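Here's the structure, in structure tokens; my notes come after.
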Amino acid sequence: MKYSYEQLEQFDKQYVWHPFTQMKSYLEEKPLIIERGKGSYLYDVDGNRYLDGYASLWVNVHGHNDPELNEALHEQIEKISHSTLLGSANVPSILLAKKLVEIWGGKLSKVFYSDTGAAAVEIALKMAYQYWQNIDPVRYKHKNKFISLKEAYHGDTIGAVSVGGMDLFHRIFRPLLFERIEVPSPYVYRMDEYGDEEEIVNYCLKQLEETLEQRHSEVAGMIVEPLVQGAAGIITHPEGFLKGVETLCRKYNILFICDEVAVGFGRTGTLFACEQEEVEPDIVCLGKGITGGYLPLAATLTTEEIYSAFLGEVHENKTFFHGHTYTGNQLSCSVALKNIELIEKRHLVSDVQRKAQALAGKLQKLYELPVVGDVRQKGLMIGIEIVKDKKTKEIFDRSEQIEHKMILEARKRGLIIRPLGPVLTFIPVLAMTDEQLESSVDIIFAAINATVQANKVKLM
Ligand SMILES: *Cc1c(COP(=O)(O)O)cnc(C)c1O
């Protein structure tokens, strides 16, 4: 039996608690109820079509309902859907691990699976801490803290929240968290007083160095989102910052952990963001795009050096006691493997580079709007910061929810995007065509403009 929109809406509001959603406002709105997808389009239960301008939360690579990804899943499901990785192995998880190490192409050689980005981060933190304890529990007794950037976001489980720096999300949980050391990040648009890009990078690295000088003996590692801080509002880091962080981690003997959950798998115009500054992290977290947006899967990759610190005799208790029930799930691993093969076969990464370049000019047009303060882009990861006043860079009062109104205007015009605080994010399906990308930007322009017109009085 087919349910009507109204029935589904009622059940949704009666039974479902949505993530990161102000439920009281949600109950007053008409929810978007998606029924199917094809390519870059999402279709709701009434058959309305929308461009997927958030890649279904930054995960979709080749488009929805891709025949080759579907086929890979059909093939696997006829064999087996799941068996455990605890003390035994399965075919797709073996082949995917080999593939991940090959495409990383650096010194990472071991893959530890999980199922969400947050879990991949938890694993990275526990692995880093235990690494120091395994190699010398006396000398490294105090290495139990992590450094992360201002406005960092690494997921929503308690360990991941502990290394997070987004006050709005994390403040309430502070009493539950372990200690984190915060250092500034190069948020160029809001750091005028520190000078130009280069001076801002130098300032941030100098702060990091001072912190490390004083406290490196208590620090297990530093975790960063390479090139772009996504959830913070698409904060794109200027060239040289990531490399500078790596250099300091090496100098002060702490582990360098890169969270590629958002930026991995082509999003920034290279397969992995780390490639752009030729950095070699000790631990890398992967998630989101790893399965092309089909199934939950994440992975934590590390070096032979870290892995071998866990190879003690049984009585030494050096084992990494961590695992999830669905670790290495066959369906997830098989679709991830096919996703990577298709990224290669379809030359997706060079295509993203080309499309991102073509789009850059078009995005500049958004500055014509009186409320667009900053447009930031890295590959197909775009943030549009909305301000009340371009000079003072003041943002709108949060209670006005102006950015939310803008995305509803975009939805009316056939595009799904999401705001992050004062920033509209446009994170399209990576396979989106040039025409679809251009018309998305046209819709964003029209949606902002319509919202400005409707709120004209308040703007003046
Ligand atoms: C989304 C994200 C995570 C968390 O991933 P989940 O799958 O939502 O747990 C971690 N780190 C970064 C950088 C992210 O963007």
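In the structure tokens, chains take the letters A, B, ... in the order shown, each chain's residues start at 1, and ligands count up from 1 in the order shown.
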
Quiz item: Could you list, as a list of chain:residue names, all the residues within 7 Å of ligand 1, counting only C-alpha atoms and all ligand atoms?
Solution: A:Thr116, A:Gly117, A:Ala118, A:Ala119, A:Val121, A:Tyr153, A:His154, A:Gly155, A:Asp156, A:Glu225, A:Gln229, A:Gly230, A:Ala231, A:Asp259, A:Glu260, A:Val261, A:Ala262, A:Gly287, A:Lys288

Do you know which residues are at most 8 Å from range 337-340 of chain A counting only C-alpha atoms, after dropping those on the same chain fewer than 2 positions away, and could you put them as an mmCIF file with N, CA, C and O atoms, in the first residue's frame?
data_model
loop_
_atom_site.group_PDB
_atom_site.id
_atom_site.type_symbol
_atom_site.label_atom_id
_atom_site.label_comp_id
_atom_site.auth_asym_id
_atom_site.auth_seq_id
_atom_site.Cartn_x
_atom_site.Cartn_y
_atom_site.Cartn_z
ATOM 1 N N HIS A 62 28.883 9.406 -7.302
ATOM 2 C CA HIS A 62 28.541 9.152 -8.707
ATOM 3 C C HIS A 62 27.087 9.462 -9.048
ATOM 4 O O HIS A 62 26.657 9.269 -10.174
ATOM 5 N N GLU A 68 25.959 0.608 -11.940
ATOM 6 C CA GLU A 68 27.125 -0.240 -11.626
ATOM 7 C C GLU A 68 27.297 -0.472 -10.127
ATOM 8 O O GLU A 68 27.711 -1.542 -9.693
ATOM 9 N N LEU A 69 26.985 0.555 -9.325
ATOM 10 C CA LEU A 69 27.044 0.358 -7.868
ATOM 11 C C LEU A 69 25.928 -0.586 -7.429
ATOM 12 O O LEU A 69 26.142 -1.460 -6.579
ATOM 13 N N ALA A 72 26.993 -4.113 -8.142
ATOM 14 C CA ALA A 72 27.989 -4.617 -7.187
ATOM 15 C C ALA A 72 27.289 -5.103 -5.914
ATOM 16 O O ALA A 72 27.651 -6.139 -5.344
ATOM 17 N N PRO A 92 35.378 -9.023 0.539
ATOM 18 C CA PRO A 92 35.400 -7.598 0.157
ATOM 19 C C PRO A 92 36.232 -6.723 1.097
ATOM 20 O O PRO A 92 36.868 -5.769 0.637
ATOM 21 N N LEU A 95 39.899 -7.038 0.008
ATOM 22 C CA LEU A 95 40.197 -6.364 -1.263
ATOM 23 C C LEU A 95 40.113 -4.853 -1.123
ATOM 24 O O LEU A 95 40.902 -4.111 -1.717
ATOM 25 N N LEU A 96 39.154 -4.381 -0.311
ATOM 26 C CA LEU A 96 39.031 -2.935 -0.119
ATOM 27 C C LEU A 96 40.239 -2.378 0.644
ATOM 28 O O LEU A 96 40.762 -1.319 0.289
ATOM 29 N N LYS A 99 43.040 -2.018 -1.662
ATOM 30 C CA LYS A 99 42.790 -0.896 -2.578
ATOM 31 C C LYS A 99 43.024 0.450 -1.873
ATOM 32 O O LYS A 99 43.621 1.357 -2.448
ATOM 33 N N ILE A 290 33.212 7.320 1.014
ATOM 34 C CA ILE A 290 33.924 6.052 0.781
ATOM 35 C C ILE A 290 33.060 5.008 0.059
ATOM 36 O O ILE A 290 33.558 4.235 -0.747
ATOM 37 N N THR A 291 31.755 5.004 0.329
ATOM 38 C CA THR A 291 30.876 4.051 -0.368
ATOM 39 C C THR A 291 30.093 4.735 -1.490
ATOM 40 O O THR A 291 29.099 4.202 -1.976
ATOM 41 N N GLY A 292 30.506 5.925 -1.877
ATOM 42 C CA GLY A 292 29.785 6.649 -2.918
ATOM 43 C C GLY A 292 28.441 7.168 -2.422
ATOM 44 O O GLY A 292 27.610 7.616 -3.217
ATOM 45 N N CYS A 333 31.655 -2.882 2.184
ATOM 46 C CA CYS A 333 32.992 -2.968 1.578
ATOM 47 C C CYS A 333 32.910 -3.210 0.076
ATOM 48 O O CYS A 333 33.700 -2.656 -0.691
ATOM 49 N N SER A 334 31.942 -4.011 -0.364
ATOM 50 C CA SER A 334 31.890 -4.294 -1.799
ATOM 51 C C SER A 334 31.458 -3.057 -2.585
ATOM 52 O O SER A 334 31.983 -2.782 -3.661
ATOM 53 N N VAL A 335 30.538 -2.270 -2.026
ATOM 54 C CA VAL A 335 30.104 -1.076 -2.758
ATOM 55 C C VAL A 335 31.196 -0.002 -2.697
ATOM 56 O O VAL A 335 31.403 0.753 -3.657
ATOM 57 N N LEU A 342 35.132 2.939 -9.887
ATOM 58 C CA LEU A 342 34.424 3.850 -10.798
ATOM 59 C C LEU A 342 35.031 5.252 -10.777
ATOM 60 O O LEU A 342 35.035 5.944 -11.799
ATOM 61 N N ILE A 343 35.524 5.678 -9.605
ATOM 62 C CA ILE A 343 36.198 6.984 -9.538
ATOM 63 C C ILE A 343 37.366 6.970 -10.523
ATOM 64 O O ILE A 343 37.579 7.918 -11.280
ATOM 65 N N GLU A 344 38.088 5.846 -10.563
ATOM 66 C CA GLU A 344 39.229 5.731 -11.477
ATOM 67 C C GLU A 344 38.766 5.623 -12.924
ATOM 68 O O GLU A 344 39.204 6.377 -13.793
#

Exercise. Using CA of Glu246 in chain A and CA of Cys285 in chain A as the two end points, give the distance in Å to one decimal.
Key: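 Here the two named atoms are 16.0 Å from each other.
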
Quiz item: By how many Å are CA of Leu177 in chain A and CA of Ile158 in chain A apart?
Solution: 6.6 Å

Practice problem: Could you please write out, as number ranges by chain, every residue of range 195-251 of chain A that DSSP assigns to strand (DSSP E)? | Solution: A: 219-224, 228-229, 235-236

Exercise. Work out how far CA of Lys206 in chain A is from CA of Leu248 in chain A, in Å to one decimal.
Key: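 Between these atoms lies a distance of 9.7 Å.
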
Quiz prompt | Residue contacts of Gln377 in chain A (8 Å, only C-alpha atoms) excluding same-chain residues fewer than 5 positions away, as a list in words | solution = Ile234, Thr236, Ala360, Ile382 and Gly383 of chain A

Next, write the just-selected residues to a file, as a PDB file, in the first residue's frame, keeping C-alpha atoms as the atom set.
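Generated output (result-v3.pdb):
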ATOM      1  CA  ILE A 234      33.657  25.532   4.928  1.00  0.00           C
ATOM      2  CA  THR A 236      39.288  26.917   3.595  1.00  0.00           C
ATOM      3  CA  ALA A 360      34.649  29.595  -9.722  1.00  0.00           C
ATOM      4  CA  ILE A 382      31.524  25.643  -1.320  1.00  0.00           C
ATOM      5  CA  GLY A 383      30.517  27.940   1.540  1.00  0.00           C
TER       6      GLY A 383
END
